[in-house]
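J.: final-v1.cif (mmCIF, C-alpha atoms) pasted underneath:
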data_upload
#
loop_
_atom_site.group_PDB
_atom_site.id
_atom_site.type_symbol
_atom_site.label_atom_id
_atom_site.label_comp_id
_atom_site.auth_asym_id
_atom_site.auth_seq_id
_atom_site.Cartn_x
_atom_site.Cartn_y
_atom_site.Cartn_z
ATOM 1 C CA MET A 2 0.000 0.000 0.000
ATOM 2 C CA ALA A 3 1.187 3.515 -0.749
ATOM 3 C CA THR A 4 0.230 7.126 -1.375
ATOM 4 C CA GLY A 5 -0.942 7.510 -4.957
ATOM 5 C CA TYR A 6 0.130 10.442 -7.130
ATOM 6 C CA PHE A 7 -2.235 11.437 -9.916
ATOM 7 C CA SER A 8 -1.071 13.891 -12.565
ATOM 8 C CA HIS A 9 -0.939 14.069 -16.365
ATOM 9 C CA PRO A 10 0.920 16.061 -19.048
ATOM 10 C CA ASP A 11 -2.429 17.340 -20.347
ATOM 11 C CA CYS A 12 -2.656 19.482 -17.207
ATOM 12 C CA LEU A 13 0.322 21.464 -18.532
ATOM 13 C CA ALA A 14 -1.463 22.303 -21.801
ATOM 14 C CA HIS A 15 -3.960 24.691 -20.224
ATOM 15 C CA GLU A 16 -2.770 28.308 -20.529
ATOM 16 C CA MET A 17 -4.563 31.497 -19.493
ATOM 17 C CA GLY A 18 -2.098 34.016 -20.891
ATOM 18 C CA GLN A 19 1.380 35.298 -20.133
ATOM 19 C CA GLY A 20 1.781 36.301 -16.502
ATOM 20 C CA HIS A 21 -1.398 34.588 -15.314
ATOM 21 C CA PRO A 22 -0.772 33.152 -11.828
ATOM 22 C CA GLU A 23 -2.592 29.872 -12.539
ATOM 23 C CA CYS A 24 0.131 28.577 -14.861
ATOM 24 C CA PRO A 25 1.692 25.240 -15.886
ATOM 25 C CA GLN A 26 4.815 26.078 -13.897
ATOM 26 C CA ARG A 27 2.821 25.313 -10.752
ATOM 27 C CA ILE A 28 2.976 21.597 -11.543
ATOM 28 C CA HIS A 29 6.688 21.823 -12.370
ATOM 29 C CA ALA A 30 7.363 23.532 -9.027
ATOM 30 C CA ILE A 31 5.562 20.744 -7.173
ATOM 31 C CA GLU A 32 7.365 17.954 -8.968
ATOM 32 C CA ASP A 33 10.742 19.667 -8.547
ATOM 33 C CA GLN A 34 10.255 19.751 -4.773
ATOM 34 C CA LEU A 35 8.992 16.166 -4.605
ATOM 35 C CA ARG A 36 12.161 15.032 -6.390
ATOM 36 C CA ALA A 37 14.453 17.300 -4.394
ATOM 37 C CA GLN A 38 13.084 15.968 -1.093
ATOM 38 C CA GLY A 39 13.188 12.326 -2.174
ATOM 39 C CA LEU A 40 9.417 11.950 -2.031
ATOM 40 C CA ASP A 41 8.903 11.127 -5.690
ATOM 41 C CA ALA A 42 10.356 7.639 -5.212
ATOM 42 C CA LEU A 43 7.911 6.962 -2.364
ATOM 43 C CA LEU A 44 4.796 7.740 -4.395
ATOM 44 C CA GLN A 45 2.828 5.328 -6.541
ATOM 45 C CA ARG A 46 2.163 7.090 -9.842
ATOM 46 C CA GLU A 47 -1.236 6.283 -11.274
ATOM 47 C CA ASP A 48 -2.894 6.603 -14.674
ATOM 48 C CA VAL A 49 -5.231 9.562 -15.106
ATOM 49 C CA PRO A 50 -8.209 8.999 -17.432
ATOM 50 C CA LEU A 51 -10.397 11.686 -18.922
ATOM 51 C CA ALA A 52 -13.574 12.179 -16.924
ATOM 52 C CA SER A 53 -16.721 11.231 -18.761
ATOM 53 C CA ASN A 54 -19.508 13.747 -19.183
ATOM 54 C CA SER A 55 -21.643 11.518 -16.989
ATOM 55 C CA ASP A 56 -18.972 11.793 -14.268
ATOM 56 C CA LEU A 57 -19.102 15.575 -14.514
ATOM 57 C CA ALA A 58 -22.902 15.609 -14.487
ATOM 58 C CA LEU A 59 -22.832 14.097 -11.000
ATOM 59 C CA ALA A 60 -21.933 17.591 -9.741
ATOM 60 C CA HIS A 61 -22.754 19.900 -12.659
ATOM 61 C CA ASP A 62 -25.760 20.652 -14.808
ATOM 62 C CA LEU A 63 -25.501 18.393 -17.856
ATOM 63 C CA ASN A 64 -26.374 21.231 -20.221
ATOM 64 C CA TYR A 65 -23.499 23.241 -18.742
ATOM 65 C CA VAL A 66 -21.126 20.316 -19.293
ATOM 66 C CA LEU A 67 -22.219 19.792 -22.908
ATOM 67 C CA THR A 68 -22.185 23.496 -23.753
ATOM 68 C CA LEU A 69 -18.699 23.919 -22.303
ATOM 69 C CA ASP A 70 -17.566 20.784 -24.125
ATOM 70 C CA ASP A 71 -18.748 22.177 -27.471
ATOM 71 C CA PHE A 72 -17.157 25.573 -26.777
ATOM 72 C CA LEU A 73 -13.792 24.087 -25.840
ATOM 73 C CA GLN A 74 -13.807 21.737 -28.825
ATOM 74 C CA GLN A 75 -14.239 24.794 -31.048
ATOM 75 C CA LEU A 76 -11.199 26.379 -29.400
ATOM 76 C CA GLU A 77 -9.229 23.185 -30.040
ATOM 77 C CA ALA A 78 -10.175 23.299 -33.700
ATOM 78 C CA ASN A 79 -9.580 27.030 -34.198
ATOM 79 C CA GLY A 80 -6.572 27.568 -31.957
ATOM 80 C CA ASP A 81 -8.310 30.416 -30.152
ATOM 81 C CA MET A 82 -8.050 31.745 -26.602
ATOM 82 C CA ARG A 83 -11.251 33.103 -25.060
ATOM 83 C CA ALA A 84 -12.418 34.404 -21.680
ATOM 84 C CA LEU A 85 -15.317 32.660 -19.954
ATOM 85 C CA ASP A 86 -15.405 35.092 -17.031
ATOM 86 C CA PRO A 87 -13.142 37.965 -15.912
ATOM 87 C CA ASP A 88 -10.631 35.569 -14.280
ATOM 88 C CA THR A 89 -10.932 32.401 -16.346
ATOM 89 C CA TRP A 90 -9.557 31.950 -19.856
ATOM 90 C CA ALA A 91 -9.613 28.901 -22.112
ATOM 91 C CA CYS A 92 -7.184 27.857 -24.831
ATOM 92 C CA PRO A 93 -6.855 24.837 -27.178
ATOM 93 C CA GLY A 94 -5.378 22.744 -24.344
ATOM 94 C CA THR A 95 -8.043 23.568 -21.792
ATOM 95 C CA ARG A 96 -10.523 20.844 -22.646
ATOM 96 C CA SER A 97 -8.087 17.965 -22.147
ATOM 97 C CA ALA A 98 -6.705 19.538 -18.954
ATOM 98 C CA ALA A 99 -10.132 20.122 -17.381
ATOM 99 C CA TRP A 100 -11.451 16.647 -18.193
ATOM 100 C CA ARG A 101 -8.145 15.123 -17.002
ATOM 101 C CA ALA A 102 -8.226 17.049 -13.683
ATOM 102 C CA ALA A 103 -11.714 15.786 -12.838
ATOM 103 C CA GLY A 104 -10.785 12.330 -14.109
ATOM 104 C CA ALA A 105 -7.847 12.224 -11.704
ATOM 105 C CA ALA A 106 -10.116 12.927 -8.746
ATOM 106 C CA VAL A 107 -12.522 10.161 -9.767
ATOM 107 C CA ALA A 108 -9.693 7.684 -10.460
ATOM 108 C CA ALA A 109 -8.064 8.468 -7.114
ATOM 109 C CA THR A 110 -11.382 7.878 -5.360
ATOM 110 C CA ASP A 111 -11.742 4.469 -6.984
ATOM 111 C CA ALA A 112 -8.131 3.502 -6.252
ATOM 112 C CA VAL A 113 -8.518 4.346 -2.559
ATOM 113 C CA LEU A 114 -11.912 2.646 -2.232
ATOM 114 C CA ASP A 115 -10.641 -0.435 -4.054
ATOM 115 C CA GLY A 116 -7.746 -0.680 -1.590
ATOM 116 C CA ARG A 117 -4.987 -0.306 -4.185
ATOM 117 C CA ILE A 118 -3.560 2.719 -2.359
ATOM 118 C CA ASP A 119 -3.992 4.181 1.121
ATOM 119 C CA ASN A 120 -4.521 7.800 0.102
ATOM 120 C CA ALA A 121 -3.848 10.062 -2.868
ATOM 121 C CA PHE A 122 -2.701 13.478 -4.007
ATOM 122 C CA CYS A 123 -3.892 14.833 -7.357
ATOM 123 C CA ALA A 124 -1.416 17.363 -8.804
ATOM 124 C CA VAL A 125 -3.820 18.678 -11.404
ATOM 125 C CA ARG A 126 -4.959 21.919 -12.950
ATOM 126 C CA PRO A 127 -7.193 23.717 -13.624
ATOM 127 C CA PRO A 128 -8.299 23.837 -9.985
ATOM 128 C CA GLY A 129 -11.938 23.343 -9.091
ATOM 129 C CA HIS A 130 -13.366 24.689 -5.853
ATOM 130 C CA HIS A 131 -14.833 27.893 -7.356
ATOM 131 C CA ALA A 132 -16.619 26.043 -10.195
ATOM 132 C CA MET A 133 -20.332 26.133 -9.463
ATOM 133 C CA HIS A 134 -23.151 23.832 -10.542
ATOM 134 C CA ASN A 135 -23.519 25.627 -13.876
ATOM 135 C CA GLN A 136 -20.810 28.306 -14.008
ATOM 136 C CA THR A 137 -17.039 28.703 -14.419
ATOM 137 C CA MET A 138 -15.407 30.980 -11.874
ATOM 138 C CA GLY A 139 -12.047 31.907 -10.401
ATOM 139 C CA PHE A 140 -9.765 29.852 -12.723
ATOM 140 C CA CYS A 141 -12.069 26.801 -12.342
ATOM 141 C CA PHE A 142 -14.077 24.912 -14.981
ATOM 142 C CA PHE A 143 -15.218 21.759 -13.149
ATOM 143 C CA ASN A 144 -15.311 21.192 -9.423
ATOM 144 C CA ASN A 145 -12.926 18.253 -9.183
ATOM 145 C CA VAL A 146 -13.550 17.543 -5.505
ATOM 146 C CA ALA A 147 -17.344 17.830 -5.787
ATOM 147 C CA VAL A 148 -17.336 15.458 -8.773
ATOM 148 C CA ALA A 149 -15.292 12.949 -6.757
ATOM 149 C CA VAL A 150 -17.519 13.347 -3.705
ATOM 150 C CA ARG A 151 -20.652 12.642 -5.717
ATOM 151 C CA HIS A 152 -18.905 9.687 -7.366
ATOM 152 C CA ALA A 153 -18.111 8.251 -3.931
ATOM 153 C CA LEU A 154 -21.715 8.725 -2.815
ATOM 154 C CA ASP A 155 -23.810 8.076 -5.903
ATOM 155 C CA VAL A 156 -21.665 5.522 -7.743
ATOM 156 C CA ARG A 157 -19.638 3.811 -5.021
ATOM 157 C CA GLY A 158 -22.411 3.859 -2.425
ATOM 158 C CA LEU A 159 -20.805 5.629 0.542
ATOM 159 C CA GLN A 160 -23.165 7.202 3.059
ATOM 160 C CA ARG A 161 -21.039 9.956 4.656
ATOM 161 C CA VAL A 162 -18.207 11.922 3.065
ATOM 162 C CA ALA A 163 -16.296 14.916 4.443
ATOM 163 C CA VAL A 164 -14.621 17.760 2.545
ATOM 164 C CA VAL A 165 -11.775 19.786 4.057
ATOM 165 C CA ASP A 166 -10.883 23.062 2.302
ATOM 166 C CA PHE A 167 -7.852 25.074 3.473
ATOM 167 C CA ASP A 168 -7.454 27.363 0.457
ATOM 168 C CA VAL A 169 -7.166 31.092 1.244
ATOM 169 C CA HIS A 170 -10.377 31.632 -0.768
ATOM 170 C CA HIS A 171 -13.791 30.287 0.215
ATOM 171 C CA GLY A 172 -14.748 27.172 -1.757
ATOM 172 C CA ASN A 173 -17.978 28.756 -2.950
ATOM 173 C CA GLY A 174 -18.426 26.336 -5.849
ATOM 174 C CA THR A 175 -18.132 23.288 -3.613
ATOM 175 C CA GLU A 176 -20.645 24.837 -1.224
ATOM 176 C CA ASP A 177 -22.988 25.662 -4.121
ATOM 177 C CA ILE A 178 -22.974 22.031 -5.244
ATOM 178 C CA LEU A 179 -22.994 20.263 -1.855
ATOM 179 C CA ASN A 180 -25.011 22.763 0.202
ATOM 180 C CA GLY A 181 -27.785 20.955 2.075
ATOM 181 C CA ASP A 182 -26.636 17.430 1.162
ATOM 182 C CA ASP A 183 -26.743 15.713 4.560
ATOM 183 C CA ARG A 184 -24.418 12.987 3.284
ATOM 184 C CA VAL A 185 -21.625 15.586 3.166
ATOM 185 C CA LEU A 186 -19.900 17.650 5.840
ATOM 186 C CA MET A 187 -17.663 20.449 4.545
ATOM 187 C CA VAL A 188 -15.230 22.227 6.869
ATOM 188 C CA GLY A 189 -13.053 25.139 5.848
ATOM 189 C CA PHE A 190 -11.377 28.381 6.772
ATOM 190 C CA PHE A 191 -10.686 31.265 4.421
ATOM 191 C CA GLN A 192 -9.622 34.888 4.422
ATOM 192 C CA HIS A 193 -12.546 37.294 4.737
ATOM 193 C CA PRO A 194 -13.479 39.771 3.405
ATOM 194 C CA PHE A 195 -11.800 38.494 0.271
ATOM 195 C CA TYR A 196 -12.619 36.943 -3.094
ATOM 196 C CA PRO A 197 -15.172 35.460 -3.762
ATOM 197 C CA TYR A 198 -16.814 37.447 -0.924
ATOM 198 C CA SER A 199 -18.939 34.536 0.240
ATOM 199 C CA GLY A 200 -19.153 31.925 2.973
ATOM 200 C CA ALA A 201 -19.383 34.098 6.066
ATOM 201 C CA GLU A 202 -23.205 34.128 5.989
ATOM 202 C CA SER A 203 -23.768 30.450 5.129
ATOM 203 C CA ARG A 204 -26.800 28.960 6.830
ATOM 204 C CA ALA A 205 -26.402 25.373 5.648
ATOM 205 C CA GLY A 206 -26.090 22.901 8.494
ATOM 206 C CA ASN A 207 -23.554 20.771 6.640
ATOM 207 C CA MET A 208 -21.133 23.683 6.129
ATOM 208 C CA VAL A 209 -18.578 24.682 8.786
ATOM 209 C CA ASN A 210 -17.172 27.956 7.433
ATOM 210 C CA VAL A 211 -14.630 29.873 9.512
ATOM 211 C CA PRO A 212 -13.863 33.304 8.006
ATOM 212 C CA LEU A 213 -10.531 34.729 9.186
ATOM 213 C CA PRO A 214 -9.001 38.190 8.803
ATOM 214 C CA ALA A 215 -5.925 38.940 6.761
ATOM 215 C CA ARG A 216 -2.601 38.289 8.512
ATOM 216 C CA THR A 217 -4.002 35.355 10.480
ATOM 217 C CA ASN A 218 -1.057 33.167 11.464
ATOM 218 C CA GLY A 219 -0.594 29.437 11.834
ATOM 219 C CA ALA A 220 -1.189 29.342 15.583
ATOM 220 C CA THR A 221 -4.653 30.836 15.144
ATOM 221 C CA VAL A 222 -5.454 28.497 12.259
ATOM 222 C CA ARG A 223 -4.451 25.491 14.342
ATOM 223 C CA ASP A 224 -6.787 26.658 17.100
ATOM 224 C CA VAL A 225 -9.582 27.002 14.519
ATOM 225 C CA VAL A 226 -9.018 23.452 13.285
ATOM 226 C CA ASP A 227 -9.119 22.024 16.804
ATOM 227 C CA SER A 228 -11.999 24.198 18.027
ATOM 228 C CA TYR A 229 -14.321 24.227 15.000
ATOM 229 C CA TRP A 230 -13.449 21.343 12.697
ATOM 230 C CA MET A 231 -12.479 18.375 14.800
ATOM 231 C CA TYR A 232 -15.591 17.764 16.882
ATOM 232 C CA ARG A 233 -17.805 18.128 13.807
ATOM 233 C CA LEU A 234 -15.697 15.659 11.844
ATOM 234 C CA GLU A 235 -15.640 13.220 14.755
ATOM 235 C CA ASP A 236 -19.409 13.445 15.259
ATOM 236 C CA PHE A 237 -19.980 12.983 11.521
ATOM 237 C CA ARG A 238 -17.783 9.844 11.323
ATOM 238 C CA PRO A 239 -16.981 10.140 7.601
ATOM 239 C CA GLU A 240 -16.377 7.079 5.466
ATOM 240 C CA MET A 241 -13.948 9.045 3.287
ATOM 241 C CA ILE A 242 -12.337 12.496 3.363
ATOM 242 C CA PHE A 243 -11.582 14.768 0.421
ATOM 243 C CA ILE A 244 -9.201 17.727 0.692
ATOM 244 C CA SER A 245 -9.378 20.864 -1.429
ATOM 245 C CA ALA A 246 -5.692 21.564 -0.962
ATOM 246 C CA GLY A 247 -4.996 25.204 -1.687
ATOM 247 C CA PHE A 248 -1.650 26.592 -0.544
ATOM 248 C CA ASP A 249 -2.242 30.296 -1.184
ATOM 249 C CA ALA A 250 -2.694 31.045 2.536
ATOM 250 C CA HIS A 251 1.120 30.762 2.746
ATOM 251 C CA ARG A 252 2.752 33.934 4.036
ATOM 252 C CA GLU A 253 4.836 34.233 0.845
ATOM 253 C CA ASP A 254 1.841 34.053 -1.501
ATOM 254 C CA GLU A 255 0.754 37.504 -2.638
ATOM 255 C CA MET A 256 -2.592 36.201 -3.914
ATOM 256 C CA GLY A 257 -3.723 36.140 -0.293
ATOM 257 C CA GLY A 258 -2.874 37.846 2.953
ATOM 258 C CA MET A 259 -2.611 35.064 5.524
ATOM 259 C CA GLY A 260 0.468 33.788 7.324
ATOM 260 C CA LEU A 261 0.731 30.007 7.083
ATOM 261 C CA VAL A 262 3.999 28.138 6.510
ATOM 262 C CA GLU A 263 4.865 24.591 5.455
ATOM 263 C CA ALA A 264 4.712 23.243 9.014
ATOM 264 C CA ASP A 265 1.115 24.440 9.313
ATOM 265 C CA TYR A 266 0.064 22.509 6.212
ATOM 266 C CA ALA A 267 1.783 19.391 7.543
ATOM 267 C CA TRP A 268 -0.011 19.822 10.891
ATOM 268 C CA ILE A 269 -3.437 20.280 9.292
ATOM 269 C CA THR A 270 -2.838 17.229 7.104
ATOM 270 C CA ALA A 271 -1.866 15.159 10.130
ATOM 271 C CA ARG A 272 -5.047 16.192 11.968
ATOM 272 C CA VAL A 273 -7.179 15.179 8.979
ATOM 273 C CA LEU A 274 -5.348 11.857 8.694
ATOM 274 C CA ASP A 275 -5.959 11.190 12.384
ATOM 275 C CA VAL A 276 -9.707 11.450 11.774
ATOM 276 C CA ALA A 277 -9.373 9.312 8.648
ATOM 277 C CA ARG A 278 -7.510 6.545 10.494
ATOM 278 C CA ARG A 279 -10.114 6.444 13.263
ATOM 279 C CA PHE A 280 -13.260 6.520 11.140
ATOM 280 C CA CYS A 281 -12.598 5.585 7.502
ATOM 281 C CA GLU A 282 -9.582 3.294 7.242
ATOM 282 C CA GLY A 283 -7.338 6.232 6.322
ATOM 283 C CA ARG A 284 -9.176 6.941 3.077
ATOM 284 C CA VAL A 285 -8.195 10.442 1.911
ATOM 285 C CA VAL A 286 -8.067 12.006 -1.563
ATOM 286 C CA SER A 287 -6.433 15.425 -1.830
ATOM 287 C CA CYS A 288 -6.737 17.648 -4.909
ATOM 288 C CA LEU A 289 -4.633 20.709 -5.687
ATOM 289 C CA GLU A 290 -6.481 24.030 -5.621
ATOM 290 C CA GLY A 291 -4.631 27.356 -5.214
ATOM 291 C CA GLY A 292 -1.036 28.290 -4.495
ATOM 292 C CA TYR A 293 0.687 30.813 -6.749
ATOM 293 C CA ASN A 294 4.087 31.604 -5.275
ATOM 294 C CA LEU A 295 5.969 28.802 -6.996
ATOM 295 C CA SER A 296 8.592 28.264 -4.317
ATOM 296 C CA ALA A 297 6.107 28.323 -1.445
ATOM 297 C CA LEU A 298 3.724 26.088 -3.399
ATOM 298 C CA GLY A 299 6.349 23.432 -4.071
ATOM 299 C CA ARG A 300 7.555 23.392 -0.476
ATOM 300 C CA SER A 301 4.036 23.332 0.958
ATOM 301 C CA VAL A 302 2.828 20.514 -1.273
ATOM 302 C CA ALA A 303 5.938 18.535 -0.357
ATOM 303 C CA ALA A 304 5.098 18.978 3.347
ATOM 304 C CA HIS A 305 1.502 17.910 2.666
ATOM 305 C CA VAL A 306 2.529 14.863 0.620
ATOM 306 C CA ARG A 307 5.232 13.843 3.099
ATOM 307 C CA THR A 308 2.553 13.751 5.798
ATOM 308 C CA LEU A 309 0.231 11.712 3.567
ATOM 309 C CA ILE A 310 3.069 9.209 3.105
ATOM 310 C CA GLU A 311 4.365 9.036 6.655
ATOM 311 C CA GLU A 312 1.108 9.179 8.632
ATOM 312 C CA ARG A 313 -1.228 7.181 6.421
#
Can the structure in the file be given as structure tokens, please?

T.:
Amino acid sequence: MATGYFSHPDCLAHEMGQGHPECPQRIHAIEDQLRAQGLDALLQREDVPLASNSDLALAHDLNYVLTLDDFLQQLEANGDMRALDPDTWACPGTRSAAWRAAGAAVAATDAVLDGRIDNAFCAVRPPGHHAMHNQTMGFCFFNNVAVAVRHALDVRGLQRVAVVDFDVHHGNGTEDILNGDDRVLMVGFFQHPFYPYSGAESRAGNMVNVPLPARTNGATVRDVVDSYWMYRLEDFRPEMIFISAGFDAHREDEMGGMGLVEADYAWITARVLDVARRFCEGRVVSCLEGGYNLSALGRSVAAHVRTLIEER
């Protein structure tokens, strides 16, 4: 048994323009650090299929999926680059990257549930946690974690699944899709007020949102995890845990204004794994979300993955 690593060259083909922070170099920075720290040899690399449209329709409106599919196929044919919203651009490589990113999350879910691996990290892009039921948003086309969650519930038959989101931005798309689904508990913290300016007023009983001010440091975040997340996760007794793993709350990342460091990400991961060991046989699937300072991203993912390997 091992920690699975799910990534694919197609995820490098998605470009949103020169200087855009959500760039292919993010994956290179992660893999460079995994090699430099000797973690690459400890991971079990797995094949990444394309998601099917029926996979995507578990979390998204089917008409949205088909319309986006047609639009992106036209870009492939014409070699165009187009904006879908003020933050999110598509190019000829976007379709394969987006379908591959969601496919990785589904494949990782199956591999963990089938017992082939203990847990998994999906180094994929585009990210997903801002993608809503029928709308692109914030660099995201499909909500990779929400698709995987619904696959675990609706296809694989689980009864209770938890989502942990530690990105600096609120996972508004994941909340939009999973809001009110009593089979899911979502816990998260995020900088507020900050893009996408949501989450602080959530009334859904299955959402544990903890808005935090800019400059919040790791000690405060650790207190939040222990005080707000842990008892809810323990009471919920999840059968599997999914992580929306954004690393843009790092103190070196100018996309946010929080103050986490690598040790904080390792600590959060260890706390999640403790719950997973006690309630769901260690079953965890983590999917890359944000993180835009390349050095901080690589180091933080390495700390996260090292913990997945060593404490599984």

J.: Residues within 6 Å of Ala52 in chain A, please, as a list of chain:residue names. Count all atoms listed in the file; anything in the same chain fewer than 5 positions from it doesn't count.

T.: A:Trp100, A:Ala103, A:Gly104

J.: Select, counting only C-alpha atoms, all protein, DNA and RNA residues no farther than 12 Å from (-20.0, 3.1, -1.5) in file coordinates, and express the selection as a compact mmCIF listing (two decimals) with C-alpha atoms, in the coordinates of the input.

T.:
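Ended up saving to out.txt:
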# COMPACT_ATOMS: atom_id res chain seq x y z
CA THR A 110 -11.38 7.88 -5.36
CA ASP A 111 -11.74 4.47 -6.98
CA VAL A 113 -8.52 4.35 -2.56
CA LEU A 114 -11.91 2.65 -2.23
CA ASP A 115 -10.64 -0.44 -4.05
CA VAL A 150 -17.52 13.35 -3.70
CA ARG A 151 -20.65 12.64 -5.72
CA HIS A 152 -18.90 9.69 -7.37
CA ALA A 153 -18.11 8.25 -3.93
CA LEU A 154 -21.72 8.72 -2.82
CA ASP A 155 -23.81 8.08 -5.90
CA VAL A 156 -21.66 5.52 -7.74
CA ARG A 157 -19.64 3.81 -5.02
CA GLY A 158 -22.41 3.86 -2.42
CA LEU A 159 -20.80 5.63 0.54
CA GLN A 160 -23.16 7.20 3.06
CA ARG A 161 -21.04 9.96 4.66
CA VAL A 162 -18.21 11.92 3.06
CA ARG A 184 -24.42 12.99 3.28
CA PRO A 239 -16.98 10.14 7.60
CA GLU A 240 -16.38 7.08 5.47
CA MET A 241 -13.95 9.04 3.29
CA CYS A 281 -12.60 5.58 7.50

J.: Carefully work through the PyMOL selection byres ((chain A and resi 141) around 8) for this structure and note down the residues it includes, as a list in words.

T.: Thr89, Pro127, Pro128, Gly129, His130, His131, Ala132, Thr137, Met138, Gly139, Phe140, Phe142, Phe143 and Asn144 of chain A

J.: Write out the residues from the selection above, keeping C-alpha atoms, as a PDB file, in the frame of the given file.

T.:
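That gives us part.pdb:
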ATOM      1  CA  THR A  89     -10.932  32.401 -16.346  1.00  0.00           C
ATOM      2  CA  PRO A 127      -7.193  23.717 -13.624  1.00  0.00           C
ATOM      3  CA  PRO A 128      -8.299  23.837  -9.985  1.00  0.00           C
ATOM      4  CA  GLY A 129     -11.938  23.343  -9.091  1.00  0.00           C
ATOM      5  CA  HIS A 130     -13.366  24.689  -5.853  1.00  0.00           C
ATOM      6  CA  HIS A 131     -14.833  27.893  -7.356  1.00  0.00           C
ATOM      7  CA  ALA A 132     -16.619  26.043 -10.195  1.00  0.00           C
ATOM      8  CA  THR A 137     -17.039  28.703 -14.419  1.00  0.00           C
ATOM      9  CA  MET A 138     -15.407  30.980 -11.874  1.00  0.00           C
ATOM     10  CA  GLY A 139     -12.047  31.907 -10.401  1.00  0.00           C
ATOM     11  CA  PHE A 140      -9.765  29.852 -12.723  1.00  0.00           C
ATOM     12  CA  PHE A 142     -14.077  24.912 -14.981  1.00  0.00           C
ATOM     13  CA  PHE A 143     -15.218  21.759 -13.149  1.00  0.00           C
ATOM     14  CA  ASN A 144     -15.311  21.192  -9.423  1.00  0.00           C
TER      15      ASN A 144
END

J.: I need the residue set behind the PyMOL selection byres ((chain A and resi 105) around 9) for this file; please write it as a list in words.

T.: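 Selection result, ordered by chain and number: Phe7, Ser8, His9, Glu47, Asp48, Val49, Pro50, Leu51, Ala52, Trp100, Arg101, Ala102, Ala103, Gly104, Ala106, Val107, Ala108, Ala109, Thr110, Cys123, Ala124, Val125, Asn145, Ala149 and Cys288 of chain A.
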
J.: Using only C-alpha atoms, can you list as a list in words the residues within 10 Å of (-0.7, 30.1, -16.2)?

T.: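 The requested residues, written out, are Leu13, Ala14, His15, Glu16, Met17, Gly18, Gln19, Gly20, His21, Pro22, Glu23, Cys24, Pro25, Gln26, Arg27, Trp90, Arg126, Pro127, Phe140 and Tyr293 of chain A.
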
J.: Write a file of the selected residues as a PDB file, in the frame of the given file, keeping C-alpha atoms.

T.:
ATOM      1  CA  LEU A  13       0.322  21.464 -18.532  1.00  0.00           C
ATOM      2  CA  ALA A  14      -1.463  22.303 -21.801  1.00  0.00           C
ATOM      3  CA  HIS A  15      -3.960  24.691 -20.224  1.00  0.00           C
ATOM      4  CA  GLU A  16      -2.770  28.308 -20.529  1.00  0.00           C
ATOM      5  CA  MET A  17      -4.563  31.497 -19.493  1.00  0.00           C
ATOM      6  CA  GLY A  18      -2.098  34.016 -20.891  1.00  0.00           C
ATOM      7  CA  GLN A  19       1.380  35.298 -20.133  1.00  0.00           C
ATOM      8  CA  GLY A  20       1.781  36.301 -16.502  1.00  0.00           C
ATOM      9  CA  HIS A  21      -1.398  34.588 -15.314  1.00  0.00           C
ATOM     10  CA  PRO A  22      -0.772  33.152 -11.828  1.00  0.00           C
ATOM     11  CA  GLU A  23      -2.592  29.872 -12.539  1.00  0.00           C
ATOM     12  CA  CYS A  24       0.131  28.577 -14.861  1.00  0.00           C
ATOM     13  CA  PRO A  25       1.692  25.240 -15.886  1.00  0.00           C
ATOM     14  CA  GLN A  26       4.815  26.078 -13.897  1.00  0.00           C
ATOM     15  CA  ARG A  27       2.821  25.313 -10.752  1.00  0.00           C
ATOM     16  CA  TRP A  90      -9.557  31.950 -19.856  1.00  0.00           C
ATOM     17  CA  ARG A 126      -4.959  21.919 -12.950  1.00  0.00           C
ATOM     18  CA  PRO A 127      -7.193  23.717 -13.624  1.00  0.00           C
ATOM     19  CA  PHE A 140      -9.765  29.852 -12.723  1.00  0.00           C
ATOM     20  CA  TYR A 293       0.687  30.813  -6.749  1.00  0.00           C
TER      21      TYR A 293
END

J.: Using the chain letters and numbering of this document, enumerate as a ChimeraX atom specification the residues selected by the PyMOL selection byres ((chain A and resi 67-84) around 9).

T.: /A:16-18,54,62-66,85-96,142

J.: For the atom pair CA of Leu40 in chain A and CA of Thr308 in chain A, what is the interatomic distance in Å to one decimal place?

T.: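 Value for the CA of Leu40 in chain A-CA of Thr308 in chain A distance: 10.6 Å.
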
J.: If I wrap all listed atoms of range 115-129 of chain A in a box with edges along x, y and z and add 3 Å on each side, what are its centre and edge lengths in Å to one decimal, as lines of an AutoDock Vina configuration file?

T.:
center_x = -6.7
center_y = 11.6
center_z = -6.3
size_x = 16.5
size_y = 30.5
size_z = 20.7
